[in-house]
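Asker: Got a structure for you, questions after.
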Amino acid sequence: MSSSSGLKLAETIKFVHRKLREEIKSGIDAETVWEQHCKDRNTLQEYAESMHLLATEHWEKLTATDPLTSRILWTRDSLRGYFHEGGLEKARLKNKTDHSPKDKIDFSSSRIKLLDVGSCYNPFSTFTEELDVLAVDLHPALDSVYQCDFLKVPLADKTVMTTSTGKEVESLAHNQFHCVVFSFLLEYLPTAAQRWTCCVKGEQLLMEEGLLIIITPDSKAAHANAPMMRSWRCALSSIGLERVRYEKLQHAHCMAFRKTGAGHQSTVDHNHLAQMIYIPQDFAKDSEDEEEEFHHFDRPNDDDLADAFALLPSFSDD
């Protein structure tokens with residue numbers, strides 16, 4: 001794929017993001033904006049096709065020449081390290097978690113149950129020997145992905161999927177998954193409250209000690225958005241999601257959060273915490289400019305710089 005083709009596809013994706021944010025800023029309530037968006041089949045189709053092509057024709061070729069840029073390989077490496085190579089035990093020792101033998105989860109002989117939200121084209125399907133994947137998306141690009149509006153899908157005692165009128169998810173089960181992945185998902189949503197809803201649901205779907213993987217695009221230097229990453233980390237820790245891995249790739253922040261069971265969602269201020277899951281575009285004066293709108297943030301202080309440059313890929317993040 002030529003660079004011009006890649007830029008055109010990226011602009012299609014960014015246009016949808018801008019449109020949603022502009023509608024929110026115009027005064028339309030978030031519920032209405034999202035409902036209308038979900039009904040716009042033409043836009044959803046164009047978005048899905050653009051994301052699919054951009055990922056498979058551009059990002060995967062980049063991965064072949066520079067594997068360190070791949071968010072998919074980063075996620076796979078994180079899962080291996082945590083579940084099979086001692087990361088989970090290190091996290092337990094670090095936090096002095098007292099687990100009796102019957103409570104310990106043994107992943108050595110089973111596939112990792114992974115929910116890939118906003119999957120589009122099911123990129124983790126190539127790792128079937130390691131992963132048991134349920135891929136869901138608002139408008140799937142491939143038949144292997146189930147249709148699901150993650151913001152609206154109910155959580156229940158069991159996961160229910162139908163194929164009578166297409167592959168759709170009717171409900172998702174609490175505490176079912178070893179891993180939930182939000183890769184380039186949260187920035188799609190136009191409000192911090194919607195992003196927070198996704199994070200809360202992700203925590204509820206995880207087994208205890210499971211991982212929530214969050215990957216968000218950012219081509220800036222690591223320290224440029226250190227305050228934002230600190231804010232996300234603080235909010236998620238309030239509901240028992242402890243960050244155990246963080247790495248800044250060339251074009252993305254990659255984070256792994258461990259469900260500790262220490263959070264008490266009924267006692268936290270969700271309205272306040274939701275506002276902590278912000279992105280730079282929430283404060284942009286000119287919604288057409290997605291790359292330069294970082295003036296909202298103060299210059300990083302010493303703590304922010306230390307946090308940003310402590311990019312250890314092992315499971316020893318402070």
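In the structure tokens, chains take the letters A, B, ... in the order shown, each chain's residues start at 1, and ligands count up from 1 in the order shown.
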Can you tell me which residues surround Ser119 in chain A at a distance of at most 9 Å, considering only C-alpha atoms, apart from same-chain residues fewer than 3 positions away, and format the answer as a PyMOL selection string?

Answerer: chain A and resi 115-116+122-124+135-138+140-141+145+181-183+185

Asker: Residues as selected, all heavy atoms, written as a tab-separated table (two decimals), in the first residue's frame, can you do that?

Answerer:
chain	number	residue	atom	x	y	z
A	115	LEU	N	-11.12	-11.70	25.10
A	115	LEU	CA	-12.18	-10.93	24.47
A	115	LEU	C	-11.54	-9.72	23.81
A	115	LEU	O	-10.97	-8.86	24.48
A	115	LEU	CB	-13.21	-10.47	25.51
A	115	LEU	CG	-14.32	-9.55	25.00
A	115	LEU	CD1	-15.22	-10.28	24.01
A	115	LEU	CD2	-15.15	-8.99	26.16
A	116	ASP	N	-11.63	-9.66	22.49
A	116	ASP	CA	-11.04	-8.56	21.72
A	116	ASP	C	-12.16	-7.62	21.31
A	116	ASP	O	-12.95	-7.92	20.41
A	116	ASP	CB	-10.32	-9.12	20.49
A	116	ASP	CG	-9.56	-8.05	19.71
A	116	ASP	OD1	-9.35	-6.95	20.26
A	116	ASP	OD2	-9.18	-8.33	18.56
A	122	ASN	N	-10.26	-9.40	13.63
A	122	ASN	CA	-9.83	-10.55	14.42
A	122	ASN	C	-8.34	-10.87	14.25
A	122	ASN	O	-7.96	-11.99	13.87
A	122	ASN	CB	-10.66	-11.78	14.05
A	122	ASN	CG	-10.59	-12.87	15.11
A	122	ASN	OD1	-10.02	-12.70	16.17
A	122	ASN	ND2	-11.18	-14.02	14.80
A	123	PRO	N	-7.45	-9.93	14.56
A	123	PRO	CA	-6.02	-10.16	14.34
A	123	PRO	C	-5.41	-11.25	15.21
A	123	PRO	O	-4.38	-11.81	14.85
A	123	PRO	CB	-5.40	-8.79	14.68
A	123	PRO	CG	-6.37	-8.15	15.61
A	123	PRO	CD	-7.71	-8.60	15.14
A	124	PHE	N	-6.05	-11.58	16.34
A	124	PHE	CA	-5.49	-12.61	17.22
A	124	PHE	C	-5.87	-14.02	16.79
A	124	PHE	O	-5.47	-14.99	17.43
A	124	PHE	CB	-5.94	-12.36	18.66
A	124	PHE	CG	-5.41	-11.09	19.25
A	124	PHE	CD1	-6.23	-9.98	19.38
A	124	PHE	CD2	-4.08	-11.00	19.64
A	124	PHE	CE1	-5.73	-8.79	19.92
A	124	PHE	CE2	-3.58	-9.81	20.17
A	124	PHE	CZ	-4.41	-8.71	20.31
A	135	ALA	N	-13.91	-12.35	19.27
A	135	ALA	CA	-13.69	-11.04	18.67
A	135	ALA	C	-15.03	-10.37	18.41
A	135	ALA	O	-15.92	-10.97	17.80
A	135	ALA	CB	-12.91	-11.17	17.36
A	136	VAL	N	-15.19	-9.13	18.89
A	136	VAL	CA	-16.46	-8.41	18.73
A	136	VAL	C	-16.17	-7.01	18.21
A	136	VAL	O	-15.13	-6.42	18.49
A	136	VAL	CB	-17.25	-8.33	20.05
A	136	VAL	CG1	-17.54	-9.73	20.59
A	136	VAL	CG2	-16.53	-7.50	21.10
A	137	ASP	N	-17.13	-6.49	17.47
A	137	ASP	CA	-16.97	-5.15	16.90
A	137	ASP	C	-18.35	-4.57	16.60
A	137	ASP	O	-19.31	-5.31	16.35
A	137	ASP	CB	-16.14	-5.20	15.62
A	137	ASP	CG	-15.63	-3.82	15.21
A	137	ASP	OD1	-16.36	-3.10	14.50
A	137	ASP	OD2	-14.52	-3.46	15.61
A	138	LEU	N	-18.43	-3.24	16.63
A	138	LEU	CA	-19.69	-2.57	16.31
A	138	LEU	C	-20.14	-2.88	14.89
A	138	LEU	O	-21.33	-3.06	14.62
A	138	LEU	CB	-19.51	-1.05	16.49
A	138	LEU	CG	-20.75	-0.17	16.32
A	138	LEU	CD1	-21.81	-0.53	17.35
A	138	LEU	CD2	-20.37	1.30	16.45
A	140	PRO	N	-18.37	-5.47	12.20
A	140	PRO	CA	-17.24	-6.33	11.83
A	140	PRO	C	-16.87	-6.23	10.35
A	140	PRO	O	-17.73	-6.06	9.49
A	140	PRO	CB	-17.75	-7.74	12.15
A	140	PRO	CG	-18.82	-7.53	13.18
A	140	PRO	CD	-19.48	-6.23	12.80
A	141	ALA	N	-15.56	-6.36	10.10
A	141	ALA	CA	-15.07	-6.39	8.72
A	141	ALA	C	-15.01	-7.81	8.17
A	141	ALA	O	-15.00	-8.01	6.96
A	141	ALA	CB	-13.69	-5.74	8.64
A	145	VAL	N	-15.79	-12.22	13.20
A	145	VAL	CA	-16.02	-11.26	14.27
A	145	VAL	C	-17.52	-11.14	14.53
A	145	VAL	O	-18.31	-11.02	13.59
A	145	VAL	CB	-15.43	-9.88	13.92
A	145	VAL	CG1	-15.64	-8.89	15.06
A	145	VAL	CG2	-13.95	-10.00	13.57
A	181	VAL	N	-9.16	-7.06	25.67
A	181	VAL	CA	-8.29	-6.16	24.91
A	181	VAL	C	-9.08	-4.99	24.35
A	181	VAL	O	-10.11	-5.17	23.68
A	181	VAL	CB	-7.61	-6.91	23.75
A	181	VAL	CG1	-6.77	-5.95	22.89
A	181	VAL	CG2	-6.72	-8.04	24.28
A	182	PHE	N	-8.61	-3.78	24.65
A	182	PHE	CA	-9.10	-2.54	24.01
A	182	PHE	C	-7.94	-1.98	23.20
A	182	PHE	O	-7.10	-1.24	23.72
A	182	PHE	CB	-9.52	-1.50	25.05
A	182	PHE	CG	-10.66	-1.88	25.95
A	182	PHE	CD1	-10.83	-1.22	27.16
A	182	PHE	CD2	-11.56	-2.87	25.62
A	182	PHE	CE1	-11.89	-1.54	28.01
A	182	PHE	CE2	-12.61	-3.21	26.46
A	182	PHE	CZ	-12.77	-2.54	27.66
A	183	SER	N	-7.84	-2.35	21.96
A	183	SER	CA	-6.76	-1.86	21.11
A	183	SER	C	-7.31	-0.83	20.14
A	183	SER	O	-8.11	-1.16	19.26
A	183	SER	CB	-6.11	-3.02	20.34
A	183	SER	OG	-5.07	-2.56	19.52
A	185	LEU	N	-9.42	1.45	20.75
A	185	LEU	CA	-10.86	1.49	20.98
A	185	LEU	C	-11.31	2.75	21.71
A	185	LEU	O	-12.23	3.43	21.27
A	185	LEU	CB	-11.30	0.26	21.78
A	185	LEU	CG	-12.75	0.30	22.29
A	185	LEU	CD1	-13.73	0.06	21.14
A	185	LEU	CD2	-12.98	-0.71	23.42

Asker: Residues within 7 Å of Asn175 in chain A, please, as number ranges by chain. Count only C-alpha atoms; anything in the same chain fewer than 3 positions from it doesn't count.

Answerer: A: 204-207

Asker: Using N, CA and C atoms, can you export the residues from the last selection as a PDB file, in the first residue's frame?

Answerer:
ATOM      1  N   GLN A 204     -15.321  -6.000  34.985  1.00  0.00           N
ATOM      2  CA  GLN A 204     -16.349  -6.946  35.418  1.00  0.00           C
ATOM      3  C   GLN A 204     -16.302  -8.255  34.624  1.00  0.00           C
ATOM      4  N   LEU A 205     -15.817  -8.209  33.397  1.00  0.00           N
ATOM      5  CA  LEU A 205     -15.754  -9.400  32.558  1.00  0.00           C
ATOM      6  C   LEU A 205     -14.536 -10.265  32.843  1.00  0.00           C
ATOM      7  N   LEU A 206     -13.536  -9.687  33.488  1.00  0.00           N
ATOM      8  CA  LEU A 206     -12.303 -10.413  33.764  1.00  0.00           C
ATOM      9  C   LEU A 206     -12.438 -11.347  34.960  1.00  0.00           C
ATOM     10  N   MET A 207     -11.790 -12.515  34.846  1.00  0.00           N
ATOM     11  CA  MET A 207     -11.562 -13.327  36.030  1.00  0.00           C
ATOM     12  C   MET A 207     -10.622 -12.557  36.954  1.00  0.00           C
TER      13      MET A 207
END

Asker: Report, in Å with one decimal, the straight-line distance from CA of Leu211 in chain A to CA of Met229 in chain A.

Answerer: 17.4 Å

Asker: How would you write, as JSON, numbers by chain, the set of residues in range 54-196 of chain A that DSSP gives as strand (DSSP E)?

Answerer: {"A": [112, 113, 114, 115, 116, 117, 131, 132, 133, 134, 135, 136, 137, 146, 147, 155, 156, 160, 161, 162, 168, 169, 170, 171, 172, 173, 177, 178, 179, 180, 181, 182, 183]}

Asker: Please identify which residues in range 112-276 of chain A DSSP calls helix (DSSP H, G or I) from the backbone, and express them as a PyMOL selection string.

Answerer: chain A and resi 123-127+186-188+192-205+222-237+265-267+270-274

Asker: Considering only C-alpha atoms, give me a table of residues in range 156-201 of chain A that are at most 9 Å from range 13-21 of chain A, with the closest atom pair and distance in Å for each, as a Markdown table.

Answerer:
| residue | atom | partner | partner_atom | distance |
| --- | --- | --- | --- | --- |
| A:Glu187 | CA | A:His17 | CA | 7.9 |
| A:Tyr188 | CA | A:His17 | CA | 5.8 |
| A:Leu189 | CA | A:His17 | CA | 7.5 |
| A:Pro190 | CA | A:Arg21 | CA | 5.0 |
| A:Thr191 | CA | A:Arg21 | CA | 7.6 |

Asker: Name the residues in contact with Phe127 in chain A at a cut-off of 12 Å, using only C-alpha atoms, excluding same-chain residues fewer than 3 positions from it; report them as a ChimeraX atom specification.

Answerer: /A:72-73,75-77,79-80,111-114,122-124,130-133

Asker: Can those selected residues be exported to a file as a compact mmCIF listing (two decimals), in the first residue's frame so that it contains all heavy atoms?

Answerer:
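Final output, part.txt:
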# COMPACT_ATOMS: atom_id res chain seq x y z
N ILE A 72 -0.18 -5.92 18.23
CA ILE A 72 -0.66 -7.30 18.33
C ILE A 72 0.42 -8.18 18.96
O ILE A 72 0.15 -8.96 19.88
CB ILE A 72 -1.06 -7.84 16.94
CG1 ILE A 72 -2.08 -6.91 16.27
CG2 ILE A 72 -1.61 -9.26 17.07
CD1 ILE A 72 -3.33 -6.67 17.07
N LEU A 73 1.65 -8.05 18.47
CA LEU A 73 2.74 -8.84 19.03
C LEU A 73 3.04 -8.41 20.47
O LEU A 73 3.41 -9.24 21.30
CB LEU A 73 3.99 -8.70 18.15
CG LEU A 73 3.89 -9.29 16.74
CD1 LEU A 73 5.20 -9.12 16.00
CD2 LEU A 73 3.48 -10.76 16.78
N THR A 75 0.83 -7.40 22.63
CA THR A 75 -0.20 -8.04 23.45
C THR A 75 0.09 -9.51 23.65
O THR A 75 0.02 -10.03 24.78
CB THR A 75 -1.58 -7.86 22.79
OG1 THR A 75 -1.87 -6.47 22.67
CG2 THR A 75 -2.67 -8.54 23.59
N ARG A 76 0.45 -10.20 22.58
CA ARG A 76 0.77 -11.62 22.69
C ARG A 76 1.95 -11.85 23.64
O ARG A 76 1.92 -12.75 24.49
CB ARG A 76 1.10 -12.18 21.31
CG ARG A 76 1.42 -13.67 21.28
CD ARG A 76 2.12 -14.03 20.00
NE ARG A 76 2.26 -15.47 19.83
CZ ARG A 76 3.09 -16.02 18.95
NH1 ARG A 76 3.82 -15.24 18.16
NH2 ARG A 76 3.17 -17.32 18.83
N ASP A 77 2.97 -11.02 23.53
CA ASP A 77 4.14 -11.13 24.40
C ASP A 77 3.76 -10.87 25.86
O ASP A 77 4.25 -11.54 26.77
CB ASP A 77 5.21 -10.13 23.94
CG ASP A 77 6.46 -10.18 24.81
OD1 ASP A 77 7.12 -11.23 24.81
OD2 ASP A 77 6.76 -9.17 25.48
N LEU A 79 0.81 -11.40 27.26
CA LEU A 79 0.05 -12.54 27.76
C LEU A 79 0.96 -13.71 28.10
O LEU A 79 0.81 -14.37 29.13
CB LEU A 79 -1.00 -12.95 26.74
CG LEU A 79 -2.09 -11.92 26.44
CD1 LEU A 79 -3.04 -12.43 25.37
CD2 LEU A 79 -2.87 -11.56 27.70
N ARG A 80 1.91 -13.99 27.22
CA ARG A 80 2.87 -15.06 27.49
C ARG A 80 3.65 -14.78 28.77
O ARG A 80 3.82 -15.65 29.63
CB ARG A 80 3.86 -15.18 26.33
CG ARG A 80 3.34 -15.94 25.12
CD ARG A 80 4.42 -15.97 24.06
NE ARG A 80 4.13 -16.90 22.98
CZ ARG A 80 4.92 -17.06 21.92
NH1 ARG A 80 6.01 -16.34 21.81
NH2 ARG A 80 4.60 -17.92 20.98
N ARG A 111 -5.67 -22.75 26.93
CA ARG A 111 -5.58 -21.53 26.14
C ARG A 111 -6.13 -20.35 26.94
O ARG A 111 -7.03 -20.49 27.76
CB ARG A 111 -6.37 -21.69 24.84
CG ARG A 111 -5.76 -22.70 23.87
CD ARG A 111 -6.46 -22.64 22.51
NE ARG A 111 -7.88 -22.95 22.62
CZ ARG A 111 -8.78 -22.71 21.66
NH1 ARG A 111 -8.40 -22.14 20.52
NH2 ARG A 111 -10.04 -23.03 21.83
N ILE A 112 -5.60 -19.21 26.66
CA ILE A 112 -6.04 -17.98 27.33
C ILE A 112 -7.33 -17.50 26.67
O ILE A 112 -7.38 -17.31 25.46
CB ILE A 112 -4.94 -16.90 27.22
CG1 ILE A 112 -3.69 -17.36 27.97
CG2 ILE A 112 -5.43 -15.57 27.76
CD1 ILE A 112 -2.46 -16.51 27.68
N LYS A 113 -8.36 -17.32 27.47
CA LYS A 113 -9.65 -16.84 26.95
C LYS A 113 -9.58 -15.32 26.81
O LYS A 113 -9.46 -14.60 27.80
CB LYS A 113 -10.78 -17.24 27.88
CG LYS A 113 -10.99 -18.74 27.99
CD LYS A 113 -12.24 -19.08 28.79
CE LYS A 113 -13.50 -18.64 28.07
NZ LYS A 113 -14.73 -19.10 28.77
N LEU A 114 -9.67 -14.85 25.58
CA LEU A 114 -9.44 -13.45 25.26
C LEU A 114 -10.67 -12.85 24.59
O LEU A 114 -11.19 -13.40 23.62
CB LEU A 114 -8.22 -13.31 24.36
CG LEU A 114 -7.76 -11.90 23.96
CD1 LEU A 114 -6.24 -11.88 23.80
CD2 LEU A 114 -8.42 -11.42 22.67
N ASN A 122 -10.26 -9.40 13.63
CA ASN A 122 -9.83 -10.55 14.42
C ASN A 122 -8.34 -10.87 14.25
O ASN A 122 -7.96 -11.99 13.87
CB ASN A 122 -10.66 -11.78 14.05
CG ASN A 122 -10.59 -12.87 15.11
OD1 ASN A 122 -10.02 -12.70 16.17
ND2 ASN A 122 -11.18 -14.02 14.80
N PRO A 123 -7.45 -9.93 14.56
CA PRO A 123 -6.02 -10.16 14.34
C PRO A 123 -5.41 -11.25 15.21
O PRO A 123 -4.38 -11.81 14.85
CB PRO A 123 -5.40 -8.79 14.68
CG PRO A 123 -6.37 -8.15 15.61
CD PRO A 123 -7.71 -8.60 15.14
N PHE A 124 -6.05 -11.58 16.34
CA PHE A 124 -5.49 -12.61 17.22
C PHE A 124 -5.87 -14.02 16.79
O PHE A 124 -5.47 -14.99 17.43
CB PHE A 124 -5.94 -12.36 18.66
CG PHE A 124 -5.41 -11.09 19.25
CD1 PHE A 124 -6.23 -9.98 19.38
CD2 PHE A 124 -4.08 -11.00 19.64
CE1 PHE A 124 -5.73 -8.79 19.92
CE2 PHE A 124 -3.58 -9.81 20.17
CZ PHE A 124 -4.41 -8.71 20.31
N GLU A 130 -2.66 -20.76 21.25
CA GLU A 130 -2.43 -20.12 22.54
C GLU A 130 -3.68 -19.42 23.07
O GLU A 130 -3.86 -19.33 24.29
CB GLU A 130 -1.32 -19.07 22.41
CG GLU A 130 -0.02 -19.58 21.84
CD GLU A 130 0.92 -18.44 21.47
OE1 GLU A 130 0.93 -17.42 22.20
OE2 GLU A 130 1.62 -18.55 20.47
N LEU A 131 -4.51 -18.94 22.16
CA LEU A 131 -5.62 -18.07 22.56
C LEU A 131 -6.96 -18.63 22.12
O LEU A 131 -7.11 -19.13 21.00
CB LEU A 131 -5.44 -16.68 21.95
CG LEU A 131 -4.11 -15.96 22.20
CD1 LEU A 131 -4.07 -14.65 21.44
CD2 LEU A 131 -3.89 -15.74 23.68
N ASP A 132 -7.94 -18.52 23.01
CA ASP A 132 -9.34 -18.82 22.70
C ASP A 132 -10.05 -17.47 22.58
O ASP A 132 -10.41 -16.86 23.58
CB ASP A 132 -9.95 -19.67 23.81
CG ASP A 132 -11.41 -19.99 23.59
OD1 ASP A 132 -11.93 -19.69 22.49
OD2 ASP A 132 -12.05 -20.52 24.52
N VAL A 133 -10.22 -17.00 21.35
CA VAL A 133 -10.59 -15.60 21.11
C VAL A 133 -12.08 -15.45 20.79
O VAL A 133 -12.62 -16.17 19.97
CB VAL A 133 -9.77 -15.01 19.94
CG1 VAL A 133 -10.15 -13.55 19.69
CG2 VAL A 133 -8.28 -15.12 20.22

Asker: Just how far from CA of Met51 in chain A is CA of Leu9 in chain A, in Å to one decimal?

Answerer: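 Distance between the two atoms: 7.2 Å.
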
Asker: With only C-alpha atoms as the atoms that count, which of A:Ala235, A:Cys120, A:Ala48, A:Ala192 lies nearest to Ala30 in chain A?

Answerer: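 Answer, going by the shortest atom-to-atom distance: A:Ala192.
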